[in-house]
Amino acid sequence: MQVKICRDYEEVSRAAADIFEKELKKKPNCVLGLATGTTPLGLYKNLIKAYKKEKVSFKDVTVFNLDEYVGLEKAHPQSYAYFMRKNLFDFIDINLERTFIPDGSAENLEAACGEYSDLLSKNPRDLQLLGIGGNGHIAFNEPFSPFDGKTRLVTLTEKTINDNARLFNSENEVPKRALTMGISEIFAAKKIVLLACGKEKAPAVYNSTVLPVLPDCPASVLQRHKDCIFILDELAASML
Ligand code: GLP
């Protein structure tokens with residue numbers, strides 16, 4: 001695992017964009033794993049700029065998103081499907097039919113997870129983007145999630161519900177369950193880029209990079225990945 005410390009959020013977003021732009025140029029039909037949350041927004045802005053300047057194209061790219069809340073329709077403003085359209089897909093030349101996200105509003109959630117896992121196994125990711133939760137979660141793999149887990153239905157922890165409440169009108173509106181790509185599926189990507197910014201991420205960054213690999217910090221398993229980089233701002237790196 002490599003750790004890169006940047007001065008601030010802008011530098012983190014630039015460093016991440018450089019990696020994604022390089023991949024898009026090297027392999028125009030690459031398969032990307034993408035993430036939601038506030039952290040990747042700067043990266044997505046940079047990718048939109050690169051597309052507008054005709055430096056990159058997404059027309060042959062396939063995207064798999066990490067996770068989705070249960071019970072929110074794709075058109076719900078707080079759904080991750082909506083987030084991806086409003087923050088990236090609506091501004092680039094991606095074919096929406098090649099963008100995938102677990103179906104959190106499916107009638108049969110278990111079947112939806114199985115279908116997503118099948119798709120993932122047929123479409124290995126070249127490059128996977130990750131954020132990190134304050135408790136070390138990746139996607140919605142909360143502490144003690146199985147390292148060999150696949151896409152599945154999960155119950156969110158109080159901490160995650162609290163952290164994510166800022167994006168809803170009230171904490172009561174935050175769904176308590178989600179569908180998430182499993183840790184083994186995240187780990188299967190050829191290259192992984194994890195972004196973390198702000199002092200509230202410092203303990204999770206410390207637990208996942210300095211302490212041994214432990215199930216109470218899901219992101220720590222990334223220490224075992226052959227090609228994984230953590231790109232941090234100074235605040236997120238402050239405990240290293
Ligand atoms: C959510 C997502 C994660 C994301 C995390 C951190 O819980 N499921 O994939 O990494 O939030 O989000 P933020 O970047 O807003 O701190």
# chains A, B, ... in the order shown; residues from 1 in each chain; ligands from 1
>>> residues_around(residues="Gly149 (chain A)", least_positions_apart="3", cutoff="7 Å", atoms="only C-alpha atoms", output="MDAnalysis selection string")
chainID A and resid 146 182:184
>>> select_by_dssp(residues="region 64-240 of chain A", states="strand (DSSP E)", output="NGL selection string")
:A and (64-65 or 67-69 or 99-100 or 127-130 or 152-155 or 177-180 or 191-196 or 228-233)
>>> write_last_selection(atoms="N, CA, C and O atoms", output="CSV table (one decimal), in the first residue's frame")
chain,number,residue,atom,x,y,z
A,64,PHE,N,-19.2,0.6,-12.3
A,64,PHE,CA,-19.9,-0.1,-11.3
A,64,PHE,C,-19.8,0.8,-10.0
A,64,PHE,O,-18.7,1.1,-9.6
A,65,ASN,N,-20.9,1.2,-9.5
A,65,ASN,CA,-20.9,1.9,-8.2
A,65,ASN,C,-20.9,1.0,-7.0
A,65,ASN,O,-21.3,-0.2,-7.1
A,67,ASP,N,-22.3,1.2,-3.9
A,67,ASP,CA,-23.4,0.9,-3.0
A,67,ASP,C,-24.6,1.8,-3.2
A,67,ASP,O,-24.6,2.7,-4.0
A,68,GLU,N,-25.7,1.4,-2.6
A,68,GLU,CA,-27.0,2.2,-2.7
A,68,GLU,C,-27.8,2.0,-1.4
A,68,GLU,O,-27.8,0.9,-0.9
A,69,TYR,N,-28.5,3.0,-1.0
A,69,TYR,CA,-29.5,2.9,0.1
A,69,TYR,C,-30.6,2.0,-0.3
A,69,TYR,O,-31.1,2.0,-1.5
A,99,THR,N,-23.7,2.0,-17.0
A,99,THR,CA,-23.4,2.4,-15.6
A,99,THR,C,-24.3,1.5,-14.7
A,99,THR,O,-25.5,1.4,-14.9
A,100,PHE,N,-23.7,0.9,-13.7
A,100,PHE,CA,-24.4,0.0,-12.8
A,100,PHE,C,-24.3,0.4,-11.4
A,100,PHE,O,-23.3,0.9,-10.9
A,127,LEU,N,-9.9,-0.1,-12.3
A,127,LEU,CA,-9.5,1.0,-11.3
A,127,LEU,C,-10.7,1.2,-10.4
A,127,LEU,O,-11.8,1.4,-10.9
A,128,GLN,N,-10.5,1.1,-9.1
A,128,GLN,CA,-11.6,1.3,-8.1
A,128,GLN,C,-11.3,2.5,-7.2
A,128,GLN,O,-10.2,2.6,-6.6
A,129,LEU,N,-12.3,3.4,-7.2
A,129,LEU,CA,-12.2,4.5,-6.3
A,129,LEU,C,-12.9,4.2,-5.0
A,129,LEU,O,-14.0,3.6,-5.0
A,130,LEU,N,-12.3,4.7,-3.9
A,130,LEU,CA,-13.0,4.5,-2.6
A,130,LEU,C,-12.9,5.8,-1.7
A,130,LEU,O,-11.9,6.5,-1.8
A,152,ARG,N,-24.2,-7.5,-0.9
A,152,ARG,CA,-25.2,-8.0,0.1
A,152,ARG,C,-25.9,-6.9,0.7
A,152,ARG,O,-25.5,-5.7,0.6
A,153,LEU,N,-27.0,-7.3,1.4
A,153,LEU,CA,-27.8,-6.3,2.2
A,153,LEU,C,-27.2,-6.1,3.6
A,153,LEU,O,-26.9,-7.1,4.2
A,154,VAL,N,-27.0,-4.8,4.0
A,154,VAL,CA,-26.4,-4.6,5.3
A,154,VAL,C,-27.2,-3.6,6.1
A,154,VAL,O,-28.0,-2.8,5.5
A,155,THR,N,-27.0,-3.6,7.4
A,155,THR,CA,-27.6,-2.6,8.3
A,155,THR,C,-26.6,-1.6,8.6
A,155,THR,O,-25.4,-2.0,9.0
A,177,ARG,N,-30.7,0.7,6.0
A,177,ARG,CA,-30.1,-0.4,5.3
A,177,ARG,C,-29.6,0.0,3.9
A,177,ARG,O,-30.1,1.0,3.4
A,178,ALA,N,-28.7,-0.8,3.4
A,178,ALA,CA,-28.1,-0.5,2.1
A,178,ALA,C,-27.7,-1.8,1.4
A,178,ALA,O,-27.6,-2.8,2.1
A,179,LEU,N,-27.5,-1.7,0.1
A,179,LEU,CA,-26.8,-2.8,-0.6
A,179,LEU,C,-25.4,-2.3,-0.8
A,179,LEU,O,-25.2,-1.2,-1.3
A,180,THR,N,-24.5,-3.2,-0.6
A,180,THR,CA,-23.1,-2.8,-0.8
A,180,THR,C,-22.3,-3.9,-1.5
A,180,THR,O,-22.5,-5.1,-1.3
A,191,LYS,N,-6.4,-2.0,-9.6
A,191,LYS,CA,-5.8,-0.9,-8.9
A,191,LYS,C,-6.9,-0.2,-8.0
A,191,LYS,O,-8.0,0.0,-8.4
A,192,ILE,N,-6.5,0.2,-6.8
A,192,ILE,CA,-7.4,0.9,-5.9
A,192,ILE,C,-6.9,2.2,-5.4
A,192,ILE,O,-5.7,2.4,-5.1
A,193,VAL,N,-7.7,3.3,-5.5
A,193,VAL,CA,-7.4,4.6,-5.1
A,193,VAL,C,-8.4,5.0,-4.0
A,193,VAL,O,-9.6,5.1,-4.2
A,194,LEU,N,-7.9,5.2,-2.8
A,194,LEU,CA,-8.7,5.6,-1.7
A,194,LEU,C,-8.4,7.1,-1.3
A,194,LEU,O,-7.2,7.4,-1.2
A,195,LEU,N,-9.4,7.9,-1.2
A,195,LEU,CA,-9.3,9.3,-0.9
A,195,LEU,C,-9.8,9.6,0.5
A,195,LEU,O,-10.9,9.1,0.8
A,196,ALA,N,-9.1,10.4,1.3
A,196,ALA,CA,-9.6,10.8,2.6
A,196,ALA,C,-9.1,12.2,2.9
A,196,ALA,O,-7.9,12.5,2.7
A,228,CYS,N,-2.5,-0.4,-4.4
A,228,CYS,CA,-3.5,0.4,-3.7
A,228,CYS,C,-2.8,1.7,-3.2
A,228,CYS,O,-1.7,1.6,-2.6
A,229,ILE,N,-3.4,2.8,-3.4
A,229,ILE,CA,-2.8,4.1,-2.9
A,229,ILE,C,-3.8,4.8,-2.1
A,229,ILE,O,-5.0,4.9,-2.5
A,230,PHE,N,-3.4,5.3,-1.0
A,230,PHE,CA,-4.3,6.2,-0.2
A,230,PHE,C,-3.8,7.6,-0.5
A,230,PHE,O,-2.6,7.9,-0.3
A,231,ILE,N,-4.7,8.5,-1.0
A,231,ILE,CA,-4.3,9.9,-1.2
A,231,ILE,C,-5.0,10.7,-0.1
A,231,ILE,O,-6.3,10.7,0.0
A,232,LEU,N,-4.2,11.4,0.7
A,232,LEU,CA,-4.7,12.1,1.9
A,232,LEU,C,-4.4,13.5,1.9
A,232,LEU,O,-3.3,13.9,1.4
A,233,ASP,N,-5.3,14.3,2.5
A,233,ASP,CA,-4.8,15.7,2.8
A,233,ASP,C,-4.1,15.7,4.1
A,233,ASP,O,-4.1,14.7,4.8
>>> residues_around(residues="region 208-225 of chain A", least_positions_apart="3", cutoff="8 Å", atoms="only C-alpha atoms", output="NGL selection string")
:A and (1 or 132 or 135-138 or 141-147 or 183 or 187 or 204-205 or 228 or 240)
>>> write_last_selection(atoms="C-alpha atoms", output="compact mmCIF listing (two decimals), in the first residue's frame")
# COMPACT_ATOMS: atom_id res chain seq x y z
CA MET A 1 0.00 0.00 0.00
CA ILE A 132 -13.53 5.90 3.84
CA ASN A 135 -15.29 4.13 11.38
CA GLY A 136 -13.06 2.71 8.63
CA HIS A 137 -15.88 1.41 6.43
CA ILE A 138 -15.40 1.06 2.68
CA ASN A 141 -18.89 -2.56 4.59
CA GLU A 142 -19.13 -1.62 8.24
CA PRO A 143 -16.68 -2.85 10.92
CA PHE A 144 -16.55 -6.67 11.15
CA SER A 145 -17.82 -7.17 7.58
CA PRO A 146 -16.35 -10.36 6.13
CA PHE A 147 -13.21 -9.83 4.07
CA ILE A 183 -14.92 -6.42 0.39
CA PHE A 187 -10.34 -6.01 -3.45
CA ALA A 204 -9.75 5.69 10.34
CA VAL A 205 -6.68 6.45 8.21
CA CYS A 228 -3.46 0.41 -3.69
CA LEU A 240 0.49 9.10 10.79
>>> closest_atom_pairs(of="chain A", to="ligand 1", cutoff="7 Å", atoms="only C-alpha atoms and all ligand atoms", output="Markdown table")
| residue | atom | partner | partner_atom_place_in_ligand_line | distance |
| --- | --- | --- | --- | --- |
| A:Ala35 | CA | ligand 1 | 9 (O) | 5.5 |
| A:Thr36 | CA | ligand 1 | 9 (O) | 5.5 |
| A:Gly37 | CA | ligand 1 | 15 (O) | 3.5 |
| A:Thr38 | CA | ligand 1 | 15 (O) | 3.8 |
| A:Thr39 | CA | ligand 1 | 14 (O) | 3.7 |
| A:Pro40 | CA | ligand 1 | 14 (O) | 6.4 |
| A:Leu66 | CA | ligand 1 | 9 (O) | 6.6 |
| A:Asp67 | CA | ligand 1 | 8 (N) | 6.2 |
| A:Leu130 | CA | ligand 1 | 10 (O) | 5.8 |
| A:Gly131 | CA | ligand 1 | 10 (O) | 3.3 |
| A:Ile132 | CA | ligand 1 | 10 (O) | 4.1 |
| A:Gly133 | CA | ligand 1 | 6 (C) | 4.5 |
| A:Ile138 | CA | ligand 1 | 9 (O) | 5.6 |
| A:Ala139 | CA | ligand 1 | 9 (O) | 3.6 |
| A:Phe140 | CA | ligand 1 | 8 (N) | 4.7 |
| A:Thr160 | CA | ligand 1 | 7 (O) | 6.1 |
| A:Asn164 | CA | ligand 1 | 7 (O) | 6.5 |
>>> closest_residue(among="A:Ala75, A:Ala237, A:Val31, A:Val61", to="Leu96 (chain A)", atoms="only C-alpha atoms")
A:Val61
>>> residues_around(residues="Arg85 (chain A)", least_positions_apart="4", cutoff="10 Å", atoms="only C-alpha atoms", output="NGL selection string")
:A and (74-75 or 80-81 or 89-92 or 96 or 99)
>>> write_last_selection(atoms="C-alpha atoms", output="PDB file, in the first residue's frame")
ATOM      1  CA  LYS A  74     -33.181   5.973  -8.504  1.00  0.00           C
ATOM      2  CA  ALA A  75     -34.828   9.398  -8.946  1.00  0.00           C
ATOM      3  CA  TYR A  80     -26.563   7.317  -4.949  1.00  0.00           C
ATOM      4  CA  ALA A  81     -27.904   6.694  -8.472  1.00  0.00           C
ATOM      5  CA  PHE A  89     -22.756  11.179 -15.619  1.00  0.00           C
ATOM      6  CA  ASP A  90     -24.926  14.121 -16.812  1.00  0.00           C
ATOM      7  CA  PHE A  91     -21.788  16.029 -17.820  1.00  0.00           C
ATOM      8  CA  ILE A  92     -19.782  13.396 -19.685  1.00  0.00           C
ATOM      9  CA  LEU A  96     -25.849   5.245 -19.133  1.00  0.00           C
ATOM     10  CA  THR A  99     -23.426   2.371 -15.592  1.00  0.00           C
TER      11      THR A  99
END
>>> residues_around(residues="region 44-46 of chain A", least_positions_apart="6", cutoff="8 Å", atoms="only C-alpha atoms", output="JSON, numbers by chain")
{"A": [13, 14, 17, 87, 88]}
>>> write_last_selection(atoms="N, CA, C and O atoms", output="JSON list (two decimals), in the first residue's frame")
[["chain", "number", "residue", "atom", "x", "y", "z"],
["A", 13, "SER", "N", -7.67, 16.00, -5.03],
["A", 13, "SER", "CA", -8.55, 15.81, -6.19],
["A", 13, "SER", "C", -7.76, 15.80, -7.48],
["A", 13, "SER", "O", -8.09, 15.07, -8.42],
["A", 14, "ARG", "N", -6.71, 16.62, -7.55],
["A", 14, "ARG", "CA", -5.87, 16.68, -8.75],
["A", 14, "ARG", "C", -5.08, 15.38, -8.91],
["A", 14, "ARG", "O", -5.02, 14.79, -9.99],
["A", 17, "ALA", "N", -7.39, 12.68, -10.02],
["A", 17, "ALA", "CA", -7.79, 12.86, -11.42],
["A", 17, "ALA", "C", -6.67, 12.42, -12.36],
["A", 17, "ALA", "O", -6.93, 11.84, -13.42],
["A", 87, "ASN", "N", -23.62, 14.56, -10.40],
["A", 87, "ASN", "CA", -22.23, 15.00, -10.15],
["A", 87, "ASN", "C", -21.23, 14.51, -11.18],
["A", 87, "ASN", "O", -20.08, 14.94, -11.15],
["A", 88, "LEU", "N", -21.66, 13.61, -12.07],
["A", 88, "LEU", "CA", -20.72, 13.15, -13.09],
["A", 88, "LEU", "C", -21.41, 12.77, -14.40],
["A", 88, "LEU", "O", -21.15, 13.39, -15.44]]
>>> closest_residue(among="A:Ser57, A:Ser117, A:Ser105, A:Asn29", to="His76 (chain A)", atoms="only C-alpha atoms")
A:Ser105
>>> closest_residue(among="A:Pro124, A:Gly134, A:Pro175, A:Gly42", to="Gly104 (chain A)", atoms="only C-alpha atoms")
A:Pro175
>>> atom_distance(atom1="CA of Lys53 (chain A)", atom2="CA of Met84 (chain A)")
20.7 Å
>>> atom_distance(atom1="CA of Lys226 (chain A)", atom2="CA of Thr151 (chain A)")
22.0 Å
